[in-house]
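Enquirer: input_39.cif (mmCIF, C-alpha atoms and all ligand atoms) pasted underneath:
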```cif
data_my_file
loop_
_atom_site.group_PDB
_atom_site.id
_atom_site.type_symbol
_atom_site.label_atom_id
_atom_site.label_comp_id
_atom_site.auth_asym_id
_atom_site.auth_seq_id
_atom_site.Cartn_x
_atom_site.Cartn_y
_atom_site.Cartn_z
ATOM 1 C CA MET A 277 42.206 4.467 1.086
ATOM 2 C CA SER A 278 39.770 7.238 0.555
ATOM 3 C CA ASN A 279 38.332 7.377 -2.933
ATOM 4 C CA THR A 280 37.194 10.977 -2.985
ATOM 5 C CA ASN A 281 34.809 11.818 -5.781
ATOM 6 C CA ASP A 282 35.194 15.377 -6.880
ATOM 7 C CA SER A 283 33.831 17.601 -9.666
ATOM 8 C CA LYS A 284 30.333 17.139 -11.049
ATOM 9 C CA SER A 285 30.851 13.715 -12.563
ATOM 10 C CA ASN A 286 28.936 11.882 -9.880
ATOM 11 C CA ILE A 287 25.816 14.067 -9.988
ATOM 12 C CA ILE A 288 22.617 12.541 -11.366
ATOM 13 C CA ASP A 289 20.935 15.097 -13.614
ATOM 14 C CA GLY A 290 17.199 14.730 -12.977
ATOM 15 C CA ARG A 291 16.285 17.647 -15.220
ATOM 16 C CA ALA A 292 18.026 16.188 -18.270
ATOM 17 C CA LEU A 293 16.482 12.747 -17.770
ATOM 18 C CA ALA A 294 13.019 14.245 -17.163
ATOM 19 C CA LYS A 295 13.368 16.128 -20.456
ATOM 20 C CA LYS A 296 14.142 12.893 -22.277
ATOM 21 C CA ILE A 297 11.079 11.211 -20.762
ATOM 22 C CA ASP A 298 8.934 14.253 -21.615
ATOM 23 C CA GLU A 299 10.018 14.019 -25.252
ATOM 24 C CA ARG A 300 9.011 10.359 -25.361
ATOM 25 C CA THR A 301 5.664 11.157 -23.701
ATOM 26 C CA ALA A 302 5.004 14.041 -26.111
ATOM 27 C CA LYS A 303 5.486 11.683 -29.068
ATOM 28 C CA LYS A 304 3.069 9.160 -27.539
ATOM 29 C CA ALA A 305 0.517 11.916 -26.876
ATOM 30 C CA GLU A 306 0.874 13.127 -30.449
ATOM 31 C CA LYS A 307 0.265 9.638 -31.808
ATOM 32 C CA LEU A 308 -2.822 9.174 -29.636
ATOM 33 C CA LYS A 309 -4.208 12.512 -30.755
ATOM 34 C CA SER A 310 -3.731 11.519 -34.393
ATOM 35 C CA GLU A 311 -5.898 8.487 -33.575
ATOM 36 C CA GLY A 312 -8.607 10.675 -32.036
ATOM 37 C CA VAL A 313 -7.705 10.064 -28.369
ATOM 38 C CA PHE A 314 -6.959 13.202 -26.356
ATOM 39 C CA PRO A 315 -5.114 12.571 -23.076
ATOM 40 C CA LYS A 316 -6.427 14.847 -20.358
ATOM 41 C CA LEU A 317 -5.499 15.341 -16.710
ATOM 42 C CA VAL A 318 -7.904 16.868 -14.194
ATOM 43 C CA THR A 319 -6.339 18.074 -10.966
ATOM 44 C CA VAL A 320 -8.397 18.717 -7.858
ATOM 45 C CA LEU A 321 -7.081 21.023 -5.183
ATOM 46 C CA VAL A 322 -9.062 21.490 -1.974
ATOM 47 C CA GLY A 323 -8.150 24.640 -0.019
ATOM 48 C CA ASP A 324 -5.458 27.181 -0.741
ATOM 49 C CA ASP A 325 -2.205 25.828 0.626
ATOM 50 C CA PRO A 326 0.490 27.792 -1.272
ATOM 51 C CA ALA A 327 2.874 24.831 -1.685
ATOM 52 C CA SER A 328 0.102 22.597 -3.045
ATOM 53 C CA LYS A 329 -0.956 25.378 -5.431
ATOM 54 C CA MET A 330 2.601 25.617 -6.697
ATOM 55 C CA TYR A 331 2.881 21.852 -7.251
ATOM 56 C CA VAL A 332 -0.454 21.740 -9.096
ATOM 57 C CA ASN A 333 0.673 24.662 -11.257
ATOM 58 C CA MET A 334 3.856 22.817 -12.182
ATOM 59 C CA LYS A 335 1.774 19.821 -13.270
ATOM 60 C CA HIS A 336 -0.387 21.987 -15.540
ATOM 61 C CA LYS A 337 2.664 23.639 -17.060
ATOM 62 C CA ALA A 338 4.093 20.191 -17.801
ATOM 63 C CA CYS A 339 0.824 19.156 -19.485
ATOM 64 C CA GLU A 340 0.951 22.264 -21.649
ATOM 65 C CA ARG A 341 4.588 21.661 -22.584
ATOM 66 C CA ILE A 342 3.946 18.057 -23.559
ATOM 67 C CA GLY A 343 0.625 18.490 -25.337
ATOM 68 C CA ILE A 344 -1.707 16.965 -22.752
ATOM 69 C CA PHE A 345 -5.019 18.662 -22.032
ATOM 70 C CA SER A 346 -5.566 19.649 -18.433
ATOM 71 C CA GLU A 347 -8.188 21.163 -16.204
ATOM 72 C CA ASP A 348 -7.727 22.665 -12.790
ATOM 73 C CA LYS A 349 -10.530 22.245 -10.251
ATOM 74 C CA ILE A 350 -10.087 24.360 -7.144
ATOM 75 C CA LEU A 351 -12.504 23.739 -4.290
ATOM 76 C CA PRO A 352 -12.877 25.681 -1.039
ATOM 77 C CA GLU A 353 -11.375 24.366 2.203
ATOM 78 C CA SER A 354 -14.955 23.845 3.467
ATOM 79 C CA THR A 355 -15.690 21.185 0.796
ATOM 80 C CA THR A 356 -17.125 18.073 2.449
ATOM 81 C CA GLU A 357 -15.858 14.559 1.877
ATOM 82 C CA ASP A 358 -19.178 13.671 0.206
ATOM 83 C CA GLU A 359 -18.907 16.610 -2.190
ATOM 84 C CA LEU A 360 -15.388 15.620 -3.165
ATOM 85 C CA ILE A 361 -16.447 11.996 -3.670
ATOM 86 C CA GLN A 362 -19.346 13.187 -5.842
ATOM 87 C CA LEU A 363 -16.936 15.171 -8.037
ATOM 88 C CA ILE A 364 -14.613 12.176 -8.411
ATOM 89 C CA ARG A 365 -17.513 9.948 -9.443
ATOM 90 C CA GLU A 366 -18.476 12.474 -12.119
ATOM 91 C CA LEU A 367 -14.885 12.587 -13.387
ATOM 92 C CA ASN A 368 -14.697 8.761 -13.333
ATOM 93 C CA SER A 369 -17.636 8.565 -15.722
ATOM 94 C CA ASP A 370 -16.494 11.439 -17.960
ATOM 95 C CA LYS A 371 -15.035 9.822 -21.093
ATOM 96 C CA GLU A 372 -12.958 12.913 -21.856
ATOM 97 C CA VAL A 373 -10.998 12.596 -18.596
ATOM 98 C CA SER A 374 -7.980 10.265 -18.760
ATOM 99 C CA GLY A 375 -6.475 10.933 -15.327
ATOM 100 C CA ILE A 376 -7.656 12.378 -12.015
ATOM 101 C CA LEU A 377 -5.208 13.763 -9.480
ATOM 102 C CA VAL A 378 -6.339 14.950 -6.071
ATOM 103 C CA GLN A 379 -3.488 16.982 -4.639
ATOM 104 C CA LEU A 380 -2.454 15.834 -1.172
ATOM 105 C CA PRO A 381 -2.718 16.687 1.620
ATOM 106 C CA VAL A 382 -6.479 17.234 1.692
ATOM 107 C CA PRO A 383 -7.990 19.131 4.655
ATOM 108 C CA LYS A 384 -8.176 17.167 7.911
ATOM 109 C CA HIS A 385 -11.946 16.605 7.767
ATOM 110 C CA ILE A 386 -11.487 14.562 4.561
ATOM 111 C CA SER A 387 -9.998 11.051 4.567
ATOM 112 C CA SER A 388 -7.315 10.931 1.885
ATOM 113 C CA GLN A 389 -7.564 7.137 1.739
ATOM 114 C CA LYS A 390 -11.335 7.248 1.113
ATOM 115 C CA ILE A 391 -10.696 9.734 -1.687
ATOM 116 C CA MET A 392 -7.942 7.605 -3.247
ATOM 117 C CA ASN A 393 -10.277 4.593 -3.122
ATOM 118 C CA GLU A 394 -12.870 6.494 -5.176
ATOM 119 C CA ILE A 395 -10.629 7.292 -8.153
ATOM 120 C CA ALA A 396 -11.092 4.636 -10.854
ATOM 121 C CA PRO A 397 -7.855 2.574 -10.880
ATOM 122 C CA GLU A 398 -7.393 3.147 -14.631
ATOM 123 C CA LYS A 399 -7.705 6.929 -14.104
ATOM 124 C CA ASP A 400 -5.138 7.059 -11.290
ATOM 125 C CA PRO A 401 -1.887 8.562 -12.671
ATOM 126 C CA ASP A 402 -0.570 8.943 -9.098
ATOM 127 C CA GLY A 403 -0.789 5.160 -8.638
ATOM 128 C CA PHE A 404 -2.244 5.584 -5.142
ATOM 129 C CA HIS A 405 -5.393 3.439 -5.535
ATOM 130 C CA PRO A 406 -5.197 0.213 -3.470
ATOM 131 C CA VAL A 407 -5.623 -1.851 -6.659
ATOM 132 C CA ASN A 408 -2.571 -0.177 -8.218
ATOM 133 C CA MET A 409 -0.622 -0.461 -4.953
ATOM 134 C CA GLY A 410 -1.608 -4.136 -4.688
ATOM 135 C CA LYS A 411 -0.471 -4.819 -8.247
ATOM 136 C CA LEU A 412 2.876 -3.202 -7.431
ATOM 137 C CA MET A 413 3.270 -5.577 -4.476
ATOM 138 C CA ILE A 414 2.968 -8.604 -6.788
ATOM 139 C CA GLY A 415 5.371 -7.160 -9.351
ATOM 140 C CA ASP A 416 2.762 -5.869 -11.826
ATOM 141 C CA GLU A 417 3.995 -2.298 -12.239
ATOM 142 C CA GLY A 418 1.614 -0.278 -14.364
ATOM 143 C CA LEU A 419 0.281 2.851 -12.686
ATOM 144 C CA VAL A 420 2.617 3.058 -9.696
ATOM 145 C CA PRO A 421 3.555 6.020 -7.489
ATOM 146 C CA CYS A 422 5.481 8.543 -9.600
ATOM 147 C CA THR A 423 8.343 9.501 -7.301
ATOM 148 C CA PRO A 424 9.706 5.989 -6.683
ATOM 149 C CA LYS A 425 9.195 5.168 -10.380
ATOM 150 C CA GLY A 426 11.261 8.256 -11.197
ATOM 151 C CA VAL A 427 14.021 6.944 -8.919
ATOM 152 C CA ILE A 428 13.990 3.612 -10.758
ATOM 153 C CA TYR A 429 14.337 5.455 -14.076
ATOM 154 C CA MET A 430 17.350 7.309 -12.676
ATOM 155 C CA LEU A 431 19.027 4.089 -11.544
ATOM 156 C CA ASP A 432 18.357 2.561 -14.986
ATOM 157 C CA GLU A 433 19.731 5.602 -16.803
ATOM 158 C CA TYR A 434 22.956 5.550 -14.800
ATOM 159 C CA GLY A 435 23.447 1.791 -15.154
ATOM 160 C CA ILE A 436 22.692 0.866 -11.531
ATOM 161 C CA ASN A 437 21.053 -2.552 -11.388
ATOM 162 C CA PRO A 438 19.552 -3.103 -7.901
ATOM 163 C CA GLU A 439 19.749 -6.906 -8.208
ATOM 164 C CA GLY A 440 21.770 -8.337 -5.333
ATOM 165 C CA LYS A 441 22.565 -4.887 -3.944
ATOM 166 C CA LYS A 442 21.791 -3.745 -0.429
ATOM 167 C CA ALA A 443 19.227 -0.935 -0.659
ATOM 168 C CA VAL A 444 18.198 1.121 2.333
ATOM 169 C CA VAL A 445 15.060 3.254 2.066
ATOM 170 C CA VAL A 446 14.654 5.922 4.740
ATOM 171 C CA GLY A 447 10.978 6.826 5.085
ATOM 172 C CA HIS A 448 7.912 4.588 5.093
ATOM 173 C CA SER A 449 5.171 6.781 3.655
ATOM 174 C CA ASN A 450 2.473 5.235 1.479
ATOM 175 C CA ILE A 451 3.402 7.448 -1.467
ATOM 176 C CA VAL A 452 7.209 7.151 -1.388
ATOM 177 C CA GLY A 453 8.914 4.801 1.088
ATOM 178 C CA LYS A 454 6.620 1.767 0.856
ATOM 179 C CA PRO A 455 6.284 1.717 -2.958
ATOM 180 C CA MET A 456 10.034 2.426 -3.295
ATOM 181 C CA THR A 457 10.725 -0.611 -1.126
ATOM 182 C CA ALA A 458 8.413 -2.745 -3.291
ATOM 183 C CA MET A 459 10.024 -1.569 -6.551
ATOM 184 C CA LEU A 460 13.520 -2.392 -5.309
ATOM 185 C CA LEU A 461 12.333 -5.776 -4.079
ATOM 186 C CA ASN A 462 10.743 -6.408 -7.498
ATOM 187 C CA ARG A 463 14.240 -5.844 -8.907
ATOM 188 C CA ASN A 464 15.816 -8.334 -6.504
ATOM 189 C CA ALA A 465 17.613 -5.912 -4.200
ATOM 190 C CA THR A 466 17.971 -6.782 -0.529
ATOM 191 C CA VAL A 467 15.884 -3.976 0.906
ATOM 192 C CA GLU A 468 15.622 -2.468 4.336
ATOM 193 C CA THR A 469 13.100 0.248 5.204
ATOM 194 C CA CYS A 470 13.982 2.667 7.999
ATOM 195 C CA HIS A 471 11.684 5.190 9.631
ATOM 196 C CA ILE A 472 11.140 7.390 12.628
ATOM 197 C CA PHE A 473 11.130 4.380 15.000
ATOM 198 C CA THR A 474 14.386 2.919 13.681
ATOM 199 C CA LYS A 475 16.684 2.663 16.705
ATOM 200 C CA ASP A 476 20.076 3.368 15.123
ATOM 201 C CA LEU A 477 19.652 4.950 11.692
ATOM 202 C CA LYS A 478 23.366 5.304 10.984
ATOM 203 C CA ALA A 479 23.953 1.585 11.678
ATOM 204 C CA GLU A 480 21.499 0.846 8.861
ATOM 205 C CA THR A 481 22.341 3.570 6.294
ATOM 206 C CA ILE A 482 26.055 2.826 6.430
ATOM 207 C CA THR A 483 25.354 -0.657 4.991
ATOM 208 C CA ALA A 484 23.615 0.671 1.855
ATOM 209 C CA ASP A 485 24.930 0.260 -1.679
ATOM 210 C CA ILE A 486 21.858 2.258 -2.703
ATOM 211 C CA LEU A 487 20.547 4.760 -0.164
ATOM 212 C CA ILE A 488 17.201 6.425 -0.842
ATOM 213 C CA VAL A 489 15.924 9.063 1.539
ATOM 214 C CA GLY A 490 12.505 10.702 1.636
ATOM 215 C CA VAL A 491 11.450 11.959 5.044
ATOM 216 C CA GLY A 492 11.477 15.755 4.833
ATOM 217 C CA VAL A 493 14.209 16.474 7.367
ATOM 218 C CA LYS A 494 16.896 18.846 6.100
ATOM 219 C CA HIS A 495 20.339 17.218 5.990
ATOM 220 C CA LEU A 496 19.287 14.214 8.084
ATOM 221 C CA ILE A 497 21.890 12.119 6.269
ATOM 222 C CA THR A 498 25.451 13.218 6.903
ATOM 223 C CA LYS A 499 28.703 11.954 5.401
ATOM 224 C CA ASP A 500 29.478 9.637 8.326
ATOM 225 C CA MET A 501 26.198 7.766 7.690
ATOM 226 C CA VAL A 502 27.031 6.834 4.090
ATOM 227 C CA LYS A 503 29.228 4.032 2.769
ATOM 228 C CA GLU A 504 31.932 5.096 0.345
ATOM 229 C CA ASP A 505 30.825 4.656 -3.281
ATOM 230 C CA ALA A 506 27.150 4.348 -2.385
ATOM 231 C CA VAL A 507 24.474 5.597 -4.767
ATOM 232 C CA VAL A 508 22.524 8.253 -2.867
ATOM 233 C CA ILE A 509 19.052 9.374 -3.940
ATOM 234 C CA ASP A 510 17.547 12.336 -2.116
ATOM 235 C CA ILE A 511 13.768 12.718 -2.310
ATOM 236 C CA GLY A 512 13.530 15.427 0.367
ATOM 237 C CA ILE A 513 12.394 18.966 -0.422
ATOM 238 C CA ASN A 514 12.948 21.280 2.531
ATOM 239 C CA LYS A 515 12.502 24.991 1.989
ATOM 240 C CA ASP A 516 13.787 27.614 4.371
ATOM 241 C CA GLU A 517 15.039 31.188 4.185
ATOM 242 C CA THR A 518 18.331 29.995 2.682
ATOM 243 C CA GLY A 519 16.719 28.053 -0.188
ATOM 244 C CA THR A 520 15.661 24.493 -1.028
ATOM 245 C CA HIS A 521 17.509 21.650 0.666
ATOM 246 C CA GLY A 522 17.384 17.881 0.525
ATOM 247 C CA ASP A 523 17.378 15.297 3.294
ATOM 248 C CA VAL A 524 21.042 14.626 2.495
ATOM 249 C CA ASP A 525 23.971 16.915 3.277
ATOM 250 C CA PHE A 526 24.832 17.084 -0.412
ATOM 251 C CA GLU A 527 27.977 19.165 -0.077
ATOM 252 C CA ASN A 528 29.754 16.574 2.051
ATOM 253 C CA VAL A 529 28.075 13.321 1.003
ATOM 254 C CA SER A 530 28.810 14.079 -2.668
ATOM 255 C CA LYS A 531 32.523 13.796 -1.808
ATOM 256 C CA ILE A 532 32.210 10.062 -1.154
ATOM 257 C CA ALA A 533 29.150 8.934 -3.122
ATOM 258 C CA LYS A 534 29.487 7.058 -6.400
ATOM 259 C CA LEU A 535 26.385 8.889 -7.625
ATOM 260 C CA ILE A 536 24.125 11.414 -5.909
ATOM 261 C CA THR A 537 21.037 13.449 -6.762
ATOM 262 C CA PRO A 538 21.016 17.196 -6.096
ATOM 263 C CA VAL A 539 18.083 19.119 -4.595
ATOM 264 C CA PRO A 540 16.684 20.875 -6.550
ATOM 265 C CA GLY A 541 17.208 19.314 -9.980
ATOM 266 C CA GLY A 542 17.220 15.664 -8.923
ATOM 267 C CA VAL A 543 14.158 13.579 -8.150
ATOM 268 C CA GLY A 544 11.663 16.506 -8.288
ATOM 269 C CA PRO A 545 11.526 16.883 -12.092
ATOM 270 C CA MET A 546 11.337 13.088 -12.454
ATOM 271 C CA THR A 547 8.114 12.882 -10.427
ATOM 272 C CA ILE A 548 6.318 15.193 -12.835
ATOM 273 C CA ALA A 549 7.783 13.474 -15.907
ATOM 274 C CA VAL A 550 6.463 10.114 -14.680
ATOM 275 C CA LEU A 551 3.078 11.675 -13.895
ATOM 276 C CA MET A 552 2.830 12.900 -17.491
ATOM 277 C CA GLU A 553 3.817 9.485 -18.775
ATOM 278 C CA HIS A 554 1.071 7.981 -16.622
ATOM 279 C CA VAL A 555 -1.630 10.320 -17.932
ATOM 280 C CA VAL A 556 -0.828 9.056 -21.428
ATOM 281 C CA LEU A 557 -0.810 5.480 -20.122
ATOM 282 C CA CYS A 558 -4.266 6.101 -18.578
ATOM 283 C CA ALA A 559 -5.524 7.308 -21.970
ATOM 284 C CA GLU A 560 -4.084 4.199 -23.648
ATOM 285 C CA MET A 561 -5.646 1.900 -21.042
ATOM 286 C CA GLN A 562 -9.057 3.484 -21.492
ATOM 287 C CA MET A 563 -8.766 3.209 -25.264
ATOM 288 C CA GLN A 564 -8.280 -0.550 -24.914
ATOM 289 C CA LYS A 565 -11.310 -0.991 -22.644
HETATM 290 N N1 LIG B 1 1.339 15.692 -2.571
HETATM 291 C C1 LIG B 1 2.675 15.516 -2.493
HETATM 292 N N2 LIG B 1 3.109 14.689 -3.460
HETATM 293 C C2 LIG B 1 2.021 14.326 -4.168
HETATM 294 C C3 LIG B 1 1.842 13.487 -5.299
HETATM 295 O O1 LIG B 1 2.763 12.877 -5.850
HETATM 296 N N3 LIG B 1 0.555 13.374 -5.741
HETATM 297 C C4 LIG B 1 -0.503 14.004 -5.149
HETATM 298 N N4 LIG B 1 -1.723 13.812 -5.654
HETATM 299 N N5 LIG B 1 -0.344 14.792 -4.088
HETATM 300 C C5 LIG B 1 0.905 14.940 -3.608
#
```
Using structure tokens, write down the structure from this file.

Expert:
Amino acid sequence: MSNTNDSKSNIIDGRALAKKIDERTAKKAEKLKSEGVFPKLVTVLVGDDPASKMYVNMKHKACERIGIFSEDKILPESTTEDELIQLIRELNSDKEVSGILVQLPVPKHISSQKIMNEIAPEKDPDGFHPVNMGKLMIGDEGLVPCTPKGVIYMLDEYGINPEGKKAVVVGHSNIVGKPMTAMLLNRNATVETCHIFTKDLKAETITADILIVGVGVKHLITKDMVKEDAVVIDIGINKDETGTHGDVDFENVSKIAKLITPVPGGVGPMTIAVLMEHVVLCAEMQMQK
């Protein structure tokens, strides 16, 4: 029998949850400031990619809203790897800087991994440093990648405990798919990670109680690929002339999903909320040093 979910009752509201997290972060920031500690994020953008500029702008607006200081460093496309490393070292030793975020992607002549390795682990609100990634792998989740952490917060908020569930993650990037897999495993889900080389994607996704997709392919996941009553989390952001679309065919998949995130208004706002939370966590960690 088909259990068709209609109306908006099965939609996960990322904006509302992000607002709740922001309020909690603002209170923490306020308390730190009253103790003489001023959380501050420095973003570094190399080049003038319009999408990256927009994302960095959103991060500064969030800082302003929450009461976190922020500084925007914009470097020309021609910046060398050594120059960028030099800047990061200066920021690492600047006591007024709590968190450093280098917006990705960086230009091709710069190794993003070398750059991530340079950021002091306790000043890494993105959670991309190998030390922070390594800690995540052994279940020590402090500064972890923001997007998958945001997904975990959503599952928590909507009462979805991954323990014992079959979770399928589509996408194996270092900043989303791999850490998402680790976080679900840390919560005792049975996890499968699919990617571009997966032979039969539908055969895998159809088995998921929790399906999480982040590959950047508009409407890759169609209704026939999703088990009825699955929880579906869409991390994709695909912009075209008709608007912003996820990796999931929301209109049709939402008819059978137990819960589903919209795009926009789903995971996107959560990523920034977690980033803000992490800047405050960085400030707290440095205070305790
Ligand atoms: N580019 C796309 N997503 C991200 C992110 O979460 N952090 C950084 N630094 N760059 C990105």

Enquirer: Expand the PyMOL selection byres (((not hetatm)) within 6 of (chain B and resi 1)) into the individual residues it matches in the shown file, reporting them as number ranges by chain.

Expert: A: 377-381, 402

Enquirer: So how many Å separate atom CA of A:Asp358 and atom CA of A:Lys411, to one decimal?

Expert: 27.6 Å

Enquirer: Suppose a student applies the PyMOL selection byres (((chain A and resi 514) around 12) and not hetatm) to this structure; what residues should they get, written as a PyMOL selection string?

Expert: chain A and resi 327+490-496+510-513+515-525+539-540+544

Enquirer: Please produce an output containing C-alpha atoms for each residue in the selection, written as a PDB file, keeping the file's coordinate frame.

Expert:
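Output file result.pdb is given in full below:
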```
ATOM      1  CA  ALA A 327       2.874  24.831  -1.685  1.00  0.00           C
ATOM      2  CA  GLY A 490      12.505  10.702   1.636  1.00  0.00           C
ATOM      3  CA  VAL A 491      11.450  11.959   5.044  1.00  0.00           C
ATOM      4  CA  GLY A 492      11.477  15.755   4.833  1.00  0.00           C
ATOM      5  CA  VAL A 493      14.209  16.474   7.367  1.00  0.00           C
ATOM      6  CA  LYS A 494      16.896  18.846   6.100  1.00  0.00           C
ATOM      7  CA  HIS A 495      20.339  17.218   5.990  1.00  0.00           C
ATOM      8  CA  LEU A 496      19.287  14.214   8.084  1.00  0.00           C
ATOM      9  CA  ASP A 510      17.547  12.336  -2.116  1.00  0.00           C
ATOM     10  CA  ILE A 511      13.768  12.718  -2.310  1.00  0.00           C
ATOM     11  CA  GLY A 512      13.530  15.427   0.367  1.00  0.00           C
ATOM     12  CA  ILE A 513      12.394  18.966  -0.422  1.00  0.00           C
ATOM     13  CA  LYS A 515      12.502  24.991   1.989  1.00  0.00           C
ATOM     14  CA  ASP A 516      13.787  27.614   4.371  1.00  0.00           C
ATOM     15  CA  GLU A 517      15.039  31.188   4.185  1.00  0.00           C
ATOM     16  CA  THR A 518      18.331  29.995   2.682  1.00  0.00           C
ATOM     17  CA  GLY A 519      16.719  28.053  -0.188  1.00  0.00           C
ATOM     18  CA  THR A 520      15.661  24.493  -1.028  1.00  0.00           C
ATOM     19  CA  HIS A 521      17.509  21.650   0.666  1.00  0.00           C
ATOM     20  CA  GLY A 522      17.384  17.881   0.525  1.00  0.00           C
ATOM     21  CA  ASP A 523      17.378  15.297   3.294  1.00  0.00           C
ATOM     22  CA  VAL A 524      21.042  14.626   2.495  1.00  0.00           C
ATOM     23  CA  ASP A 525      23.971  16.915   3.277  1.00  0.00           C
ATOM     24  CA  VAL A 539      18.083  19.119  -4.595  1.00  0.00           C
ATOM     25  CA  PRO A 540      16.684  20.875  -6.550  1.00  0.00           C
ATOM     26  CA  GLY A 544      11.663  16.506  -8.288  1.00  0.00           C
TER      27      GLY A 544
END
```

Enquirer: Quick one: pull the distance between atom CA of A:Asn286 and atom CA of A:Lys531, Å, one decimal.

Expert: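 Separation of atom CA of A:Asn286 and atom CA of A:Lys531: 9.0 Å.
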
Enquirer: For a test of reading the model, state the distance in Å between atom CA of A:Ile451 and atom CA of A:Met334, rounded to one decimal.

Expert: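 Answer for the atom CA of A:Ile451 to atom CA of A:Met334 separation: 18.7 Å.
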
Enquirer: Which of these, A:Met546, A:Thr481, A:Glu527, A:Pro352, has the shortest distance to A:Ile428 once you count only C-alpha atoms?

Expert: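 Nearest candidate to A:Ile428 out of A:Met546, A:Thr481, A:Glu527, A:Pro352: A:Met546.
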
Enquirer: Residue by residue, what does the PyMOL selection byres (((chain A and resi 503) around 10) and not hetatm) grab here? Present the result as a list in words.

Expert: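 Given this file, the PyMOL selection byres (((chain A and resi 503) around 10) and not hetatm) evaluates to Thr481, Ile482, Thr483, Ala484, Asp485, Ile486, Leu487, Lys499, Asp500, Met501, Val502, Glu504, Asp505, Ala506, Val507, Val508, Val529, Ile532, Ala533 and Lys534 of chain A.
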
Enquirer: Could I get the residues of stretch 344-458 of chain A with an atom no further than 7 Å from an atom of stretch 302-322 of chain A, each paired with its nearest atom pair and that distance in Å to one decimal, using all atoms listed in the file, sorted by chain and residue number, as a tab-separated table?

Expert:
```
residue	atom	partner	partner_atom	distance
A:Ile344	CA	A:Pro315	CA	5.6
A:Phe345	CA	A:Lys316	CA	4.4
A:Ser346	CA	A:Leu317	CA	4.6
A:Glu347	CA	A:Val318	CA	4.8
A:Asp348	CA	A:Thr319	CA	5.1
A:Lys349	CA	A:Val320	CA	4.8
A:Ile350	CA	A:Leu321	CA	4.9
A:Leu351	CA	A:Val322	CA	4.7
A:Pro352	CA	A:Val322	CA	5.7
A:Glu353	CA	A:Val322	CA	5.6
A:Glu372	CA	A:Lys316	CA	7.0
A:Val373	CA	A:Lys316	CA	5.4
A:Ser374	CA	A:Lys316	CA	5.1
A:Gly375	CA	A:Leu317	CA	4.7
A:Ile376	CA	A:Val318	CA	5.0
A:Leu377	CA	A:Thr319	CA	4.7
A:Val378	CA	A:Val320	CA	4.6
A:Gln379	CA	A:Leu321	CA	5.4
A:Val382	CA	A:Val322	CA	6.2
```

Enquirer: When you count only C-alpha atoms, which of these residues is closest to A:Glu366: A:Met561, A:Ile386, A:Ile395, A:Leu535?

Expert: A:Ile395

Enquirer: For A:Lys337, which residue out of A:Ile536, A:Ile548, A:Leu419, A:Leu431 is the nearest one, using only C-alpha atoms?

Expert: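 That would be A:Ile548, the residue with the smallest distance to A:Lys337.
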
Enquirer: Which residues, written as a PyMOL selection string, have at least one atom at most 6 Å from A:Val555, with all atoms listed in the file counted and residues fewer than 2 positions away on the same chain left out?

Expert: chain A and resi 375+401+552-553+557-558

Enquirer: Per residue of stretch 400-446 of chain A within 10 Å of stretch 388-391 of chain A, what are the shortest atom pair and its distance in Å to one decimal, counting all atoms listed in the file, with rows by chain and residue number, as a Markdown table?

Expert:
```
| residue | atom | partner | partner_atom | distance |
| --- | --- | --- | --- | --- |
| A:Phe404 | CA | A:Gln389 | CA | 8.8 |
| A:His405 | CA | A:Gln389 | CA | 8.4 |
| A:Pro406 | CA | A:Gln389 | CA | 9.0 |
```

Enquirer: Excluding same-chain residues fewer than 6 positions from A:Leu293, what lies within 12 Å of it counting all atoms listed in the file, as a ChimeraX atom specification?

Expert: /A:299-300,426-434,537,541-550

Enquirer: Those same residues - C-alpha atoms - I'd like them written as a short mmCIF file (atom, residue, chain, number, x, y, z; two decimals), in the coordinates of the input.

Expert:
```cif
data_model
loop_
_atom_site.label_atom_id
_atom_site.label_comp_id
_atom_site.auth_asym_id
_atom_site.auth_seq_id
_atom_site.Cartn_x
_atom_site.Cartn_y
_atom_site.Cartn_z
CA GLU A 299 10.02 14.02 -25.25
CA ARG A 300 9.01 10.36 -25.36
CA GLY A 426 11.26 8.26 -11.20
CA VAL A 427 14.02 6.94 -8.92
CA ILE A 428 13.99 3.61 -10.76
CA TYR A 429 14.34 5.46 -14.08
CA MET A 430 17.35 7.31 -12.68
CA LEU A 431 19.03 4.09 -11.54
CA ASP A 432 18.36 2.56 -14.99
CA GLU A 433 19.73 5.60 -16.80
CA TYR A 434 22.96 5.55 -14.80
CA THR A 537 21.04 13.45 -6.76
CA GLY A 541 17.21 19.31 -9.98
CA GLY A 542 17.22 15.66 -8.92
CA VAL A 543 14.16 13.58 -8.15
CA GLY A 544 11.66 16.51 -8.29
CA PRO A 545 11.53 16.88 -12.09
CA MET A 546 11.34 13.09 -12.45
CA THR A 547 8.11 12.88 -10.43
CA ILE A 548 6.32 15.19 -12.84
CA ALA A 549 7.78 13.47 -15.91
CA VAL A 550 6.46 10.11 -14.68
#
```

Enquirer: In file coordinates, which residues lie within 6 Å of (4.3, 9.4, -5.1) using only C-alpha atoms, given as JSON, numbers by chain?

Expert: {"A": [421, 422, 423, 451, 452]}

Enquirer: When distances are computed from all atoms listed in the file, which of A:Ala294, A:Met413, A:Leu551, A:Thr466 shows the smallest separation from A:His336?

Expert: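 Closest candidate: A:Leu551.
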
Enquirer: Given all atoms listed in the file as the basis, pick out the residue of A:Lys478, A:His385, A:Lys296, A:His471 nearest to A:Ser449.

Expert: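 Closest to A:Ser449 of all the choices is A:His471.
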
Enquirer: For A:Leu412, which of A:Val446, A:Ala292, A:Ala458, A:Ala396 is the closest residue, counting all atoms listed in the file?

Expert: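 Among the listed residues, A:Ala458 lies closest to A:Leu412.
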